[in-house]
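Dropping start_29.txt in here (compact mmCIF, C-alpha atoms and all ligand atoms):
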```txt
# COMPACT_ATOMS: atom_id res chain seq x y z
CA MET F 20 0.00 0.00 0.00
CA SER F 21 3.02 2.23 -0.49
CA ASP F 22 1.34 4.48 -3.06
CA ARG F 23 -1.50 5.30 -0.71
CA PRO F 24 -2.59 8.93 -1.19
CA VAL F 25 -3.69 10.95 1.81
CA ILE F 26 -7.37 10.06 2.21
CA ASP F 27 -9.39 13.07 3.30
CA LEU F 28 -12.87 13.27 1.86
CA LEU F 29 -13.89 15.99 4.31
CA ASP F 30 -11.31 18.50 3.14
CA PRO F 31 -12.70 20.82 0.44
CA ALA F 32 -9.11 21.03 -0.85
CA SER F 33 -9.42 17.39 -1.95
CA PHE F 34 -12.16 18.52 -4.35
CA ALA F 35 -10.49 21.74 -5.50
CA GLN F 36 -9.69 20.26 -8.94
CA GLY F 37 -12.83 18.13 -9.19
CA HIS F 38 -13.32 14.67 -7.71
CA PRO F 39 -10.25 13.22 -5.92
CA HIS F 40 -9.86 10.30 -8.32
CA ASP F 41 -6.52 9.26 -6.86
CA GLN F 42 -8.15 8.77 -3.46
CA TYR F 43 -11.20 7.03 -4.92
CA ALA F 44 -9.09 4.64 -7.02
CA TRP F 45 -6.98 3.62 -4.02
CA LEU F 46 -10.06 3.11 -1.87
CA ARG F 47 -11.90 1.03 -4.49
CA GLN F 48 -8.92 -1.24 -4.78
CA HIS F 49 -7.82 -1.52 -1.14
CA GLN F 50 -10.64 -0.43 1.19
CA PRO F 51 -13.89 -0.16 -0.74
CA VAL F 52 -15.78 0.43 2.51
CA HIS F 53 -13.33 2.68 4.34
CA ARG F 54 -13.59 3.89 7.91
CA HIS F 55 -13.22 7.66 7.65
CA GLU F 56 -12.61 9.93 10.61
CA GLU F 57 -14.79 12.96 11.23
CA PRO F 58 -13.29 15.62 13.54
CA ASN F 59 -16.64 16.72 14.99
CA GLY F 60 -18.64 13.56 14.56
CA ILE F 61 -18.74 9.80 14.93
CA GLY F 62 -16.95 9.07 11.64
CA PHE F 63 -18.42 7.37 8.58
CA TRP F 64 -17.97 4.55 6.08
CA ALA F 65 -16.88 5.85 2.68
CA VAL F 66 -18.33 3.49 0.05
CA THR F 67 -16.62 3.74 -3.33
CA ARG F 68 -17.60 0.70 -5.45
CA HIS F 69 -20.48 0.87 -7.94
CA ALA F 70 -22.06 -2.43 -6.81
CA ASP F 71 -21.99 -1.54 -3.09
CA ILE F 72 -23.44 1.92 -3.70
CA ARG F 73 -26.30 0.50 -5.72
CA ALA F 74 -26.99 -2.15 -3.08
CA VAL F 75 -27.13 0.43 -0.26
CA GLY F 76 -29.29 2.87 -2.25
CA ARG F 77 -31.80 0.13 -3.04
CA ASN F 78 -32.21 -1.03 0.55
CA PRO F 79 -33.86 1.88 2.39
CA ALA F 80 -35.16 -0.36 5.19
CA VAL F 81 -31.58 -1.01 6.34
CA PHE F 82 -29.95 2.17 5.02
CA SER F 83 -32.17 5.09 5.95
CA SER F 84 -32.12 8.61 4.48
CA SER F 85 -33.22 10.01 7.83
CA PRO F 86 -32.22 12.19 9.66
CA THR F 87 -30.07 13.65 6.86
CA ILE F 88 -28.23 12.83 3.65
CA MET F 89 -25.32 15.13 4.56
CA ILE F 90 -22.30 13.68 6.39
CA SER F 91 -22.58 16.14 9.26
CA ASP F 92 -25.61 16.08 11.55
CA ASP F 93 -25.15 19.80 12.24
CA GLY F 94 -27.83 20.97 9.82
CA VAL F 95 -30.52 18.62 11.18
CA MET F 96 -33.47 20.74 12.30
CA ASP F 97 -36.27 19.53 14.52
CA LEU F 98 -39.32 20.03 12.33
CA GLY F 99 -41.64 17.76 14.30
CA ASP F 100 -43.61 15.62 11.88
CA HIS F 101 -42.20 17.39 8.85
CA ALA F 102 -39.12 16.47 6.83
CA MET F 103 -37.75 17.05 3.37
CA MET F 104 -38.74 14.30 0.90
CA LEU F 105 -35.09 13.45 0.24
CA MET F 106 -34.76 12.51 3.90
CA ILE F 107 -37.97 10.51 4.33
CA ASP F 108 -37.97 6.71 4.06
CA PRO F 109 -40.60 4.52 2.40
CA PRO F 110 -43.45 4.00 2.73
CA ARG F 111 -44.01 7.61 3.86
CA HIS F 112 -41.67 8.91 1.16
CA GLY F 113 -44.03 7.60 -1.55
CA ALA F 114 -46.87 9.87 -0.41
CA PHE F 115 -44.74 12.94 -1.10
CA ARG F 116 -43.09 11.66 -4.26
CA ARG F 117 -46.45 10.77 -5.83
CA LEU F 118 -47.51 14.42 -5.57
CA MET F 119 -44.54 15.46 -7.66
CA ILE F 120 -44.50 12.74 -10.29
CA PRO F 121 -47.04 14.26 -12.76
CA ASP F 122 -44.72 17.20 -13.43
CA PHE F 123 -41.60 15.09 -13.89
CA VAL F 124 -42.63 12.07 -15.96
CA PRO F 125 -41.11 12.04 -19.49
CA ARG F 126 -44.43 13.07 -21.11
CA ALA F 127 -44.73 16.20 -18.96
CA VAL F 128 -41.08 17.05 -19.41
CA ASN F 129 -41.33 16.58 -23.18
CA ASP F 130 -44.08 19.19 -23.18
CA MET F 131 -41.54 21.63 -21.72
CA ARG F 132 -39.05 21.05 -24.55
CA SER F 133 -40.03 24.00 -26.68
CA ARG F 134 -40.07 26.39 -23.72
CA VAL F 135 -36.65 25.09 -22.59
CA GLY F 136 -35.42 25.55 -26.18
CA GLU F 137 -36.60 29.19 -26.13
CA LEU F 138 -34.76 29.74 -22.86
CA ALA F 139 -31.58 28.27 -24.37
CA THR F 140 -31.86 30.69 -27.30
CA GLN F 141 -32.43 33.58 -24.93
CA ILE F 142 -29.40 32.64 -22.81
CA ILE F 143 -27.04 32.44 -25.81
CA ASP F 144 -28.56 35.64 -27.29
CA ALA F 145 -27.55 37.44 -24.11
CA VAL F 146 -23.85 36.60 -24.49
CA CYS F 147 -23.18 35.93 -28.18
CA GLU F 148 -22.31 39.51 -29.17
CA ARG F 149 -19.78 39.89 -26.36
CA GLY F 150 -17.17 37.43 -27.59
CA GLU F 151 -16.41 36.32 -24.05
CA CYS F 152 -18.24 35.36 -20.86
CA ASP F 153 -18.17 33.06 -17.86
CA LEU F 154 -19.66 29.75 -19.00
CA VAL F 155 -20.76 28.89 -15.46
CA GLU F 156 -22.49 32.11 -14.44
CA ASP F 157 -23.64 33.50 -17.76
CA VAL F 158 -24.70 30.31 -19.53
CA ALA F 159 -24.88 27.06 -17.57
CA GLY F 160 -26.30 28.56 -14.37
CA GLU F 161 -29.02 30.54 -16.10
CA MET F 162 -30.96 27.57 -17.48
CA PRO F 163 -31.79 25.65 -14.27
CA SER F 164 -32.70 28.79 -12.39
CA TYR F 165 -35.15 29.78 -15.16
CA VAL F 166 -36.62 26.29 -15.50
CA VAL F 167 -37.25 25.82 -11.79
CA ALA F 168 -38.80 29.30 -11.71
CA ASP F 169 -41.05 28.38 -14.64
CA LEU F 170 -42.08 25.12 -13.04
CA LEU F 171 -43.01 26.81 -9.78
CA GLY F 172 -44.63 29.74 -11.60
CA LEU F 173 -42.16 32.41 -10.42
CA PRO F 174 -40.70 35.38 -12.27
CA LEU F 175 -37.40 34.40 -13.96
CA ASP F 176 -35.46 37.05 -12.02
CA ASP F 177 -36.63 35.52 -8.75
CA GLY F 178 -35.35 32.16 -10.03
CA ARG F 179 -31.94 33.76 -10.38
CA GLU F 180 -31.99 35.12 -6.84
CA LEU F 181 -33.05 31.75 -5.45
CA TYR F 182 -30.24 30.12 -7.39
CA LYS F 183 -27.70 32.42 -5.74
CA LEU F 184 -29.04 31.34 -2.35
CA THR F 185 -28.59 27.69 -3.39
CA GLU F 186 -24.97 28.37 -4.18
CA THR F 187 -24.42 29.67 -0.67
CA ILE F 188 -26.24 26.71 0.85
CA HIS F 189 -24.06 24.26 -1.08
CA SER F 190 -20.78 26.01 -0.34
CA SER F 191 -18.48 24.58 2.29
CA PRO F 192 -19.04 26.50 5.54
CA GLU F 193 -15.35 27.54 5.43
CA SER F 194 -15.78 29.31 2.11
CA VAL F 195 -18.69 31.62 3.05
CA PRO F 196 -19.11 34.12 5.93
CA GLU F 197 -20.21 32.55 9.21
CA GLY F 198 -23.95 31.92 9.35
CA ALA F 199 -24.41 32.66 5.64
CA GLY F 200 -25.68 29.14 4.90
CA LEU F 201 -28.42 29.28 7.52
CA GLU F 202 -29.35 32.80 6.48
CA ALA F 203 -29.75 31.63 2.88
CA VAL F 204 -32.05 28.77 3.99
CA MET F 205 -34.14 31.24 6.01
CA LYS F 206 -34.47 33.62 3.05
CA MET F 207 -35.56 30.73 0.85
CA PHE F 208 -38.17 29.68 3.45
CA ALA F 209 -39.48 33.24 3.73
CA TYR F 210 -39.86 33.43 -0.05
CA ALA F 211 -41.63 30.04 -0.13
CA GLN F 212 -44.07 31.26 2.53
CA GLU F 213 -45.02 34.23 0.38
CA VAL F 214 -45.66 31.95 -2.60
CA PHE F 215 -47.73 29.63 -0.40
CA GLN F 216 -49.97 32.47 0.79
CA ASP F 217 -50.30 33.91 -2.67
CA ARG F 218 -51.30 30.62 -4.34
CA ARG F 219 -53.73 29.81 -1.55
CA ALA F 220 -55.58 33.00 -2.39
CA HIS F 221 -54.91 33.08 -6.15
CA PRO F 222 -54.34 29.62 -7.64
CA ARG F 223 -52.72 29.45 -11.08
CA GLU F 224 -51.62 26.76 -13.52
CA ASP F 225 -48.33 25.89 -11.86
CA LEU F 226 -46.75 23.28 -9.61
CA SER F 227 -46.83 25.68 -6.63
CA SER F 228 -50.63 26.01 -6.87
CA ARG F 229 -51.07 22.26 -7.24
CA LEU F 230 -48.97 21.57 -4.14
CA VAL F 231 -50.62 24.28 -2.05
CA HIS F 232 -54.01 22.68 -2.69
CA ALA F 233 -52.84 19.06 -2.37
CA GLU F 234 -53.36 16.52 0.38
CA VAL F 235 -50.68 14.29 1.80
CA GLU F 236 -51.26 11.42 4.21
CA GLY F 237 -54.91 12.47 4.50
CA ARG F 238 -54.23 16.06 5.56
CA PRO F 239 -53.71 19.31 3.65
CA PHE F 240 -50.20 19.97 2.39
CA ASP F 241 -49.21 22.80 4.74
CA GLU F 242 -46.87 25.75 4.72
CA ILE F 243 -43.91 23.80 6.10
CA ASP F 244 -44.43 20.90 3.65
CA PHE F 245 -44.47 23.47 0.88
CA ALA F 246 -41.34 25.31 2.06
CA LEU F 247 -39.43 22.03 2.32
CA MET F 248 -40.46 20.84 -1.13
CA PHE F 249 -39.70 24.27 -2.57
CA LEU F 250 -36.24 24.26 -1.01
CA LEU F 251 -35.61 20.74 -2.29
CA LEU F 252 -36.58 21.60 -5.87
CA VAL F 253 -34.62 24.82 -6.06
CA ASP F 254 -31.69 23.18 -4.36
CA ALA F 255 -31.63 19.86 -6.24
CA GLY F 256 -32.34 21.27 -9.69
CA GLY F 257 -29.92 24.23 -9.68
CA ASP F 258 -26.20 23.79 -9.50
CA THR F 259 -26.39 20.07 -10.39
CA THR F 260 -27.62 20.79 -13.91
CA ARG F 261 -25.32 23.79 -14.18
CA ASN F 262 -22.33 21.61 -13.31
CA LEU F 263 -23.30 18.99 -15.86
CA VAL F 264 -23.22 21.60 -18.64
CA ALA F 265 -20.15 23.54 -17.48
CA GLY F 266 -18.24 20.42 -16.42
CA GLY F 267 -19.21 18.76 -19.69
CA VAL F 268 -17.84 21.66 -21.75
CA ASP F 269 -14.69 21.70 -19.62
CA ALA F 270 -14.23 18.00 -20.44
CA LEU F 271 -14.66 18.81 -24.16
CA PHE F 272 -11.88 21.41 -23.84
CA GLN F 273 -9.63 18.78 -22.26
CA HIS F 274 -10.41 16.25 -25.01
CA PRO F 275 -10.14 18.00 -28.39
CA SER F 276 -10.60 14.89 -30.51
CA GLU F 277 -13.87 14.02 -28.71
CA ARG F 278 -14.94 17.60 -29.15
CA ALA F 279 -14.30 17.39 -32.89
CA ARG F 280 -16.26 14.15 -33.00
CA LEU F 281 -19.24 15.84 -31.34
CA ALA F 282 -18.99 18.92 -33.57
CA SER F 283 -19.30 16.71 -36.66
CA ASP F 284 -22.66 15.29 -35.51
CA ILE F 285 -24.08 17.35 -32.66
CA GLU F 286 -27.67 16.11 -32.74
CA GLY F 287 -26.71 12.49 -33.41
CA LEU F 288 -24.09 12.21 -30.71
CA LEU F 289 -25.44 14.56 -28.04
CA PRO F 290 -27.65 12.01 -26.23
CA SER F 291 -24.78 9.59 -25.56
CA ALA F 292 -22.35 12.49 -25.06
CA MET F 293 -24.54 13.80 -22.24
CA GLU F 294 -24.55 10.41 -20.52
CA GLU F 295 -20.76 10.39 -20.69
CA MET F 296 -20.67 13.94 -19.30
CA LEU F 297 -22.92 12.81 -16.44
CA ARG F 298 -20.54 9.93 -15.72
CA TRP F 299 -17.47 12.13 -16.08
CA VAL F 300 -18.66 15.10 -14.02
CA SER F 301 -20.87 13.29 -11.45
CA PRO F 302 -22.29 16.60 -10.18
CA VAL F 303 -23.52 15.15 -6.87
CA THR F 304 -20.49 13.92 -4.93
CA TYR F 305 -22.26 11.87 -2.30
CA MET F 306 -25.46 10.99 -0.45
CA ARG F 307 -25.38 9.61 3.06
CA ARG F 308 -27.48 6.85 4.57
CA THR F 309 -27.69 5.75 8.22
CA ALA F 310 -27.74 2.03 9.10
CA THR F 311 -30.94 1.10 10.96
CA THR F 312 -29.52 -2.23 12.11
CA ASP F 313 -26.23 -4.17 12.19
CA SER F 314 -25.57 -5.19 8.64
CA MET F 315 -23.01 -5.63 5.84
CA VAL F 316 -21.83 -3.26 3.12
CA GLY F 317 -19.88 -5.42 0.69
CA ASP F 318 -17.66 -7.51 2.97
CA GLN F 319 -17.63 -4.93 5.74
CA PRO F 320 -19.83 -5.33 8.84
CA VAL F 321 -21.44 -2.04 9.87
CA SER F 322 -23.40 -1.24 13.03
CA ALA F 323 -26.81 0.28 13.66
CA GLY F 324 -26.41 4.07 13.71
CA ASP F 325 -23.33 4.12 11.44
CA LYS F 326 -23.12 6.70 8.69
CA ILE F 327 -22.72 5.18 5.22
CA VAL F 328 -21.58 7.64 2.55
CA LEU F 329 -22.01 6.82 -1.15
CA TYR F 330 -19.41 8.37 -3.48
CA TYR F 331 -21.07 8.50 -6.90
CA GLY F 332 -18.03 10.03 -8.63
CA SER F 333 -16.01 6.99 -7.60
CA ALA F 334 -18.67 4.49 -8.72
CA ASN F 335 -18.62 6.22 -12.10
CA ARG F 336 -14.93 5.36 -12.59
CA ASP F 337 -15.24 1.80 -11.25
CA GLU F 338 -13.11 -0.43 -13.48
CA ALA F 339 -15.40 -3.39 -12.63
CA VAL F 340 -18.22 -1.68 -14.54
CA PHE F 341 -16.65 0.64 -17.13
CA ASP F 342 -14.07 -0.36 -19.77
CA ASP F 343 -11.19 2.07 -19.66
CA PRO F 344 -13.00 4.28 -17.10
CA TYR F 345 -10.63 7.26 -17.39
CA ARG F 346 -11.27 7.59 -21.12
CA PHE F 347 -13.82 10.30 -22.00
CA ASP F 348 -15.76 8.53 -24.76
CA LEU F 349 -18.81 10.38 -26.05
CA GLY F 350 -20.14 7.24 -27.70
CA ARG F 351 -19.65 4.99 -24.64
CA THR F 352 -22.06 2.09 -24.59
CA PRO F 353 -23.15 0.63 -22.29
CA ASN F 354 -22.89 3.51 -19.85
CA ASP F 355 -24.36 2.41 -16.57
CA HIS F 356 -23.40 5.55 -14.66
CA ILE F 357 -25.14 6.40 -11.40
CA ALA F 358 -24.85 10.18 -11.46
CA PHE F 359 -28.60 10.38 -10.65
CA GLY F 360 -28.28 7.85 -7.82
CA GLY F 361 -27.96 4.10 -7.79
CA GLY F 362 -31.68 3.37 -8.15
CA GLY F 363 -33.98 2.96 -5.17
CA PRO F 364 -36.79 5.25 -4.00
CA HIS F 365 -34.87 8.54 -4.10
CA PHE F 366 -33.56 8.15 -7.66
CA CYS F 367 -33.35 11.69 -9.03
CA LEU F 368 -36.85 12.97 -9.73
CA GLY F 369 -35.46 15.56 -12.15
CA ALA F 370 -33.38 13.18 -14.30
CA HIS F 371 -35.50 13.66 -17.45
CA LEU F 372 -35.73 17.39 -16.93
CA ALA F 373 -31.98 17.75 -16.38
CA ARG F 374 -31.35 15.91 -19.67
CA VAL F 375 -33.80 18.13 -21.56
CA GLU F 376 -32.20 21.27 -20.13
CA ALA F 377 -28.63 20.15 -20.81
CA HIS F 378 -29.51 18.98 -24.32
CA ALA F 379 -31.10 22.31 -25.25
CA LEU F 380 -28.27 24.37 -23.85
CA LEU F 381 -25.37 22.30 -25.20
CA SER F 382 -26.97 22.07 -28.61
CA GLU F 383 -27.52 25.85 -28.78
CA LEU F 384 -24.06 26.62 -27.42
CA LEU F 385 -22.09 24.27 -29.66
CA THR F 386 -24.08 25.18 -32.77
CA ARG F 387 -24.11 28.95 -32.38
CA LEU F 388 -20.68 29.45 -30.81
CA PRO F 389 -18.72 26.67 -32.50
CA ASP F 390 -15.27 28.11 -31.78
CA ILE F 391 -15.63 28.61 -28.00
CA GLU F 392 -12.39 28.09 -26.16
CA ALA F 393 -11.16 28.48 -22.62
CA ALA F 394 -9.99 32.03 -21.88
CA GLY F 395 -8.41 31.16 -18.54
CA PRO F 396 -8.12 28.34 -16.04
CA THR F 397 -11.23 26.54 -14.80
CA GLN F 398 -11.86 27.23 -11.13
CA TRP F 399 -13.64 24.38 -9.32
CA LEU F 400 -16.15 24.61 -6.49
CA ALA F 401 -14.47 23.92 -3.16
CA SER F 402 -17.32 21.70 -2.02
CA THR F 403 -17.27 18.19 -0.62
CA PHE F 404 -20.93 17.73 -1.67
CA ILE F 405 -21.38 19.13 -5.18
CA SER F 406 -18.75 18.90 -7.91
CA GLY F 407 -18.28 21.19 -10.88
CA PRO F 408 -16.61 24.34 -12.15
CA LYS F 409 -17.27 27.57 -10.26
CA HIS F 410 -15.85 29.77 -13.04
CA LEU F 411 -14.93 28.87 -16.59
CA PRO F 412 -14.00 31.93 -18.67
CA ILE F 413 -14.59 31.37 -22.38
CA GLN F 414 -14.05 33.35 -25.60
CA PHE F 415 -15.50 33.01 -29.07
CA THR F 416 -16.10 34.91 -32.30
CA PRO F 417 -18.97 37.31 -31.58
CA THR F 418 -22.18 36.69 -33.53
CA SER F 419 -25.41 38.63 -33.71
CA ALA F 420 -28.32 37.63 -31.49
C1 LIG F 501 -27.43 16.78 -13.76
C2 LIG F 501 -28.36 17.13 -12.91
C3 LIG F 501 -28.76 16.34 -11.70
C4 LIG F 501 -28.08 15.39 -10.99
C5 LIG F 501 -26.68 14.84 -11.26
C6 LIG F 501 -28.94 14.97 -9.90
C7 LIG F 501 -28.61 13.98 -8.97
C8 LIG F 501 -29.43 13.56 -7.96
C9 LIG F 501 -29.09 12.54 -6.97
C10 LIG F 501 -27.74 11.82 -6.90
C11 LIG F 501 -30.16 12.36 -6.17
C12 LIG F 501 -30.26 11.39 -4.98
C13 LIG F 501 -30.51 9.99 -5.48
C14 LIG F 501 -30.54 8.94 -4.40
O1 LIG F 501 -30.44 9.27 -3.20
O2 LIG F 501 -30.70 7.77 -4.77
C15 LIG F 501 -31.19 13.28 -6.61
C16 LIG F 501 -32.44 13.40 -6.02
C17 LIG F 501 -33.35 14.37 -6.41
N1 LIG F 501 -33.28 15.23 -7.48
FE1 LIG F 501 -31.74 15.36 -8.80
N2 LIG F 501 -30.11 15.67 -9.96
C18 LIG F 501 -30.05 16.52 -11.05
C19 LIG F 501 -31.04 17.39 -11.49
C20 LIG F 501 -32.25 17.56 -10.89
C21 LIG F 501 -33.29 18.46 -11.35
C22 LIG F 501 -33.23 19.32 -12.60
C23 LIG F 501 -34.32 18.38 -10.45
C24 LIG F 501 -35.65 19.10 -10.41
C25 LIG F 501 -35.90 20.28 -10.84
C26 LIG F 501 -33.94 17.40 -9.45
C27 LIG F 501 -34.71 17.01 -8.39
C28 LIG F 501 -34.40 16.02 -7.49
C29 LIG F 501 -35.26 15.65 -6.38
C30 LIG F 501 -36.62 16.27 -6.04
C31 LIG F 501 -34.61 14.59 -5.70
C32 LIG F 501 -35.12 13.85 -4.47
C33 LIG F 501 -35.94 12.65 -4.91
C34 LIG F 501 -36.52 11.86 -3.76
O3 LIG F 501 -36.13 12.05 -2.61
O4 LIG F 501 -37.43 11.07 -4.03
N3 LIG F 501 -32.69 16.93 -9.75
N4 LIG F 501 -30.74 13.98 -7.71
```

Written as C-alpha cells, how would this file's structure read?
Amino acid sequence: MSDRPVIDLLDPASFAQGHPHDQYAWLRQHQPVHRHEEPNGIGFWAVTRHADIRAVGRNPAVFSSSPTIMISDDGVMDLGDHAMMLMIDPPRHGAFRRLMIPDFVPRAVNDMRSRVGELATQIIDAVCERGECDLVEDVAGEMPSYVVADLLGLPLDDGRELYKLTETIHSSPESVPEGAGLEAVMKMFAYAQEVFQDRRAHPREDLSSRLVHAEVEGRPFDEIDFALMFLLLVDAGGDTTRNLVAGGVDALFQHPSERARLASDIEGLLPSAMEEMLRWVSPVTYMRRTATTDSMVGDQPVSAGDKIVLYYGSANRDEAVFDDPYRFDLGRTPNDHIAFGGGGPHFCLGAHLARVEAHALLSELLTRLPDIEAAGPTQWLASTFISGPKHLPIQFTPTSA
C-alpha cells in the first residue's frame, strides 16, 4: 500500500480540482468500505464501489435517508412531523413523491421542450455579441434557475436570486461568511411562505398552486411541507444541472478529438455524449445513509447508527463496470453511470428534466458558438458535496443575437 494517497474526503481542498480520483481509485482497490474519521462527529464509512453503492441505495429499510443525507448532523433541524422528501424513508416517502410525479414524468417534461429551447436561445442571445463570458455564471447557471422558476410559476429574475441562495447553501461553511448558509435557507423559506400564501388566495396553472391545494397522508399539504419541497426543488435542480453543462464543456476542452467528434454530428451524438458527461462530471459527490440495524456493506460489517456515505463520482470510474474508465468517450455504450443515484426510491426525480435542459443548452451553445475556447483556467467549487466548475471563462467569435 506504499502508493496510498492521503485520504481526506472531508477536506474541500481534496475537491479543489474536481473529484479526488486518486483517493477514490486507491479506496476502491484496497478499502472499498473505508472507515473515515470525522473531527466533529462519529466518523463514517466511505463506500466507493459501484455495486456496493447500488446495493445500499436500493435497501432503504436497512440504510435510511433520515435524519439527513449530509455527512454532518449539524444541519438537522427539529421540524416535528415534517421532513424534506429526500430525507424521508418509504413508505411515507411515496406519499410525497407521488404528488410530484405528474410534473416530472417524461411526457410532462417533453411538453416543456419548446419552452426550454426558447430559454436556451435567450441565454445564448444574451452573451453571443460579447465574444467572451463566464460559461458557469452567464450560460450554464441561467438555465436551471429559469426552468425551476417556470415550473413553480415564479418570475425568472426571482429564479436567479433563489439560485444564488442555493450556491451559498451548497458552499463549504469555510468558504462563506459565518452563518451565511443558515441565512440563505431562512431567506428561501421566507420566499416560499409568500408563494404559499399567494397561491392559496390566487391559484394558477403551476406546480406551486397544485402543491398548495394538495393533500398528503390524508391532511392538507401545509406551509412547512411546501417550504421544504420548494427548497428541495430549487436546491436539487440548480447547480447540479449547471455543473453537468459547465463540467461537460470543460471536459470537451480537455479532449479536443472528442470535441471534434461531437462537432461533426451534434444532434446524433449529443444524447450519448450527455450520458458520458454525467458519468465524467458526477455533479452530486455523495449521499449519506444511516444504518438502521447491524448489517453488511460489501464484505464490511457495519453497526446500527453508522453513517454510510455513497461516493457517486467513484462508482462512475469503477473499473469493474466501465471499460477504460478514465477515457472520456462520447459514444460509450453501455454507460451504466449512477450520477442520478444508484436506483432505489430517491432516484433523481429531475433526471429527465436535467437531460432536456442540458440537451437544449449544449446544442444551442455548440451550434451557435462553434469556436468557443477556454480564456483562462477553470476554477472548481471547493465543495465536498457538489462537484463542478465555479468559473470557466470562455471566448469566441462574436455573432449577432
Ligand atoms: C445533472 C443534474 C442532476 C443530478 C446529477 C442529480 C442527482 C441527484 C441525486 C444523486 C439524487 C439522490 C438519489 C438517491 O439518493 O438515490 C437526486 C435526487 C433528487 N433530485 Fe436530482 N439531480 C439533477 C437534477 C435535478 C433536477 C433538474 C431536479 C428538479 C428540478 C432534481 C430534483 C431532485 C429531487 C426532487 C430529488 C429527491 C428525490 C426523492 O427524494 O425522491 N434533480 N438527484

Item to check | Close residues to ligand LIG 501 (chain F) using all atoms listed in the file, limit 8 Å, as a ChimeraX atom specification | outcome: /F:76-77,84,103-107,112-113,116,123,163,166-167,248,251-263,297,301-306,331,357-374,376-377

Keeping C-alpha atoms, export the residues of the selection given above as a compact mmCIF listing (two decimals), keeping the file's coordinate frame.
```txt
# COMPACT_ATOMS: atom_id res chain seq x y z
CA GLY F 76 -29.29 2.87 -2.25
CA ARG F 77 -31.80 0.13 -3.04
CA SER F 84 -32.12 8.61 4.48
CA MET F 103 -37.75 17.05 3.37
CA MET F 104 -38.74 14.30 0.90
CA LEU F 105 -35.09 13.45 0.24
CA MET F 106 -34.76 12.51 3.90
CA ILE F 107 -37.97 10.51 4.33
CA HIS F 112 -41.67 8.91 1.16
CA GLY F 113 -44.03 7.60 -1.55
CA ARG F 116 -43.09 11.66 -4.26
CA PHE F 123 -41.60 15.09 -13.89
CA PRO F 163 -31.79 25.65 -14.27
CA VAL F 166 -36.62 26.29 -15.50
CA VAL F 167 -37.25 25.82 -11.79
CA MET F 248 -40.46 20.84 -1.13
CA LEU F 251 -35.61 20.74 -2.29
CA LEU F 252 -36.58 21.60 -5.87
CA VAL F 253 -34.62 24.82 -6.06
CA ASP F 254 -31.69 23.18 -4.36
CA ALA F 255 -31.63 19.86 -6.24
CA GLY F 256 -32.34 21.27 -9.69
CA GLY F 257 -29.92 24.23 -9.68
CA ASP F 258 -26.20 23.79 -9.50
CA THR F 259 -26.39 20.07 -10.39
CA THR F 260 -27.62 20.79 -13.91
CA ARG F 261 -25.32 23.79 -14.18
CA ASN F 262 -22.33 21.61 -13.31
CA LEU F 263 -23.30 18.99 -15.86
CA LEU F 297 -22.92 12.81 -16.44
CA SER F 301 -20.87 13.29 -11.45
CA PRO F 302 -22.29 16.60 -10.18
CA VAL F 303 -23.52 15.15 -6.87
CA THR F 304 -20.49 13.92 -4.93
CA TYR F 305 -22.26 11.87 -2.30
CA MET F 306 -25.46 10.99 -0.45
CA TYR F 331 -21.07 8.50 -6.90
CA ILE F 357 -25.14 6.40 -11.40
CA ALA F 358 -24.85 10.18 -11.46
CA PHE F 359 -28.60 10.38 -10.65
CA GLY F 360 -28.28 7.85 -7.82
CA GLY F 361 -27.96 4.10 -7.79
CA GLY F 362 -31.68 3.37 -8.15
CA GLY F 363 -33.98 2.96 -5.17
CA PRO F 364 -36.79 5.25 -4.00
CA HIS F 365 -34.87 8.54 -4.10
CA PHE F 366 -33.56 8.15 -7.66
CA CYS F 367 -33.35 11.69 -9.03
CA LEU F 368 -36.85 12.97 -9.73
CA GLY F 369 -35.46 15.56 -12.15
CA ALA F 370 -33.38 13.18 -14.30
CA HIS F 371 -35.50 13.66 -17.45
CA LEU F 372 -35.73 17.39 -16.93
CA ALA F 373 -31.98 17.75 -16.38
CA ARG F 374 -31.35 15.91 -19.67
CA GLU F 376 -32.20 21.27 -20.13
CA ALA F 377 -28.63 20.15 -20.81
```

Next on the checklist: Tell me which residues come within 9 Å of (-22.4, 0.7, 13.3), as an MDAnalysis selection string, counting all atoms listed in the file in the file's coordinates.
Outcome noted: chainID F and resid 309:314 320:326

Checklist entry - Between F:Val235, F:Leu201, F:Val155, F:Ile61, which is the closest to Thr185 in chain F once you count only C-alpha atoms? => result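 Looking at the shortest contact to Thr185 in chain F, the residue is F:Leu201.
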
Give one line per residue of range 200-292 of chain F that approaches range 25-48 of chain F to at most 12 Å, naming the two atoms of the closest pair and their distance in Å to one decimal, counting only C-alpha atoms; sort by chain then ascending residue number and deliver it as CSV.
```
residue,atom,partner,partner_atom,distance
F:Asn262,CA,F:Gly37,CA,10.9
F:Gly266,CA,F:Gly37,CA,9.3
F:Asp269,CA,F:Gly37,CA,11.2
F:Ala270,CA,F:Gly37,CA,11.3
```

Next on the checklist: As an exercise, work out the distance from CA of Val81 in chain F to CA of His356 in chain F in Å and give it to one decimal place.
Outcome noted: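 A separation of 23.5 Å between them.
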
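Counting from CA of Glu392 in chain F, the distance to CA of Gly136 in chain F is 23.2 Å.
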
Checklist entry - Please, which residues are within 12 Å of (-22.8, 23.9, -25.2) by the file's coordinates, counting all atoms listed in the file, and could they come as a ChimeraX atom specification? => result /F:139-140,142-143,154-155,158-159,162,261,263-272,278,281-282,285-286,289,292-293,296,376-392,413

Next on the checklist: List the spatial neighbours of Asp92 in chain F as JSON, numbers by chain - criterion: any atom at most 10 Å away, only C-alpha atoms, same-chain residues fewer than 3 positions off excluded.
Outcome noted: {"F": [59, 60, 61, 86, 87, 88, 89, 95, 96]}

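Distances from F:Asn354, F:Ser91, F:Val300, F:Gln50 to Trp399 in chain F were compared using all atoms listed in the file, and the smallest one belongs to F:Val300.
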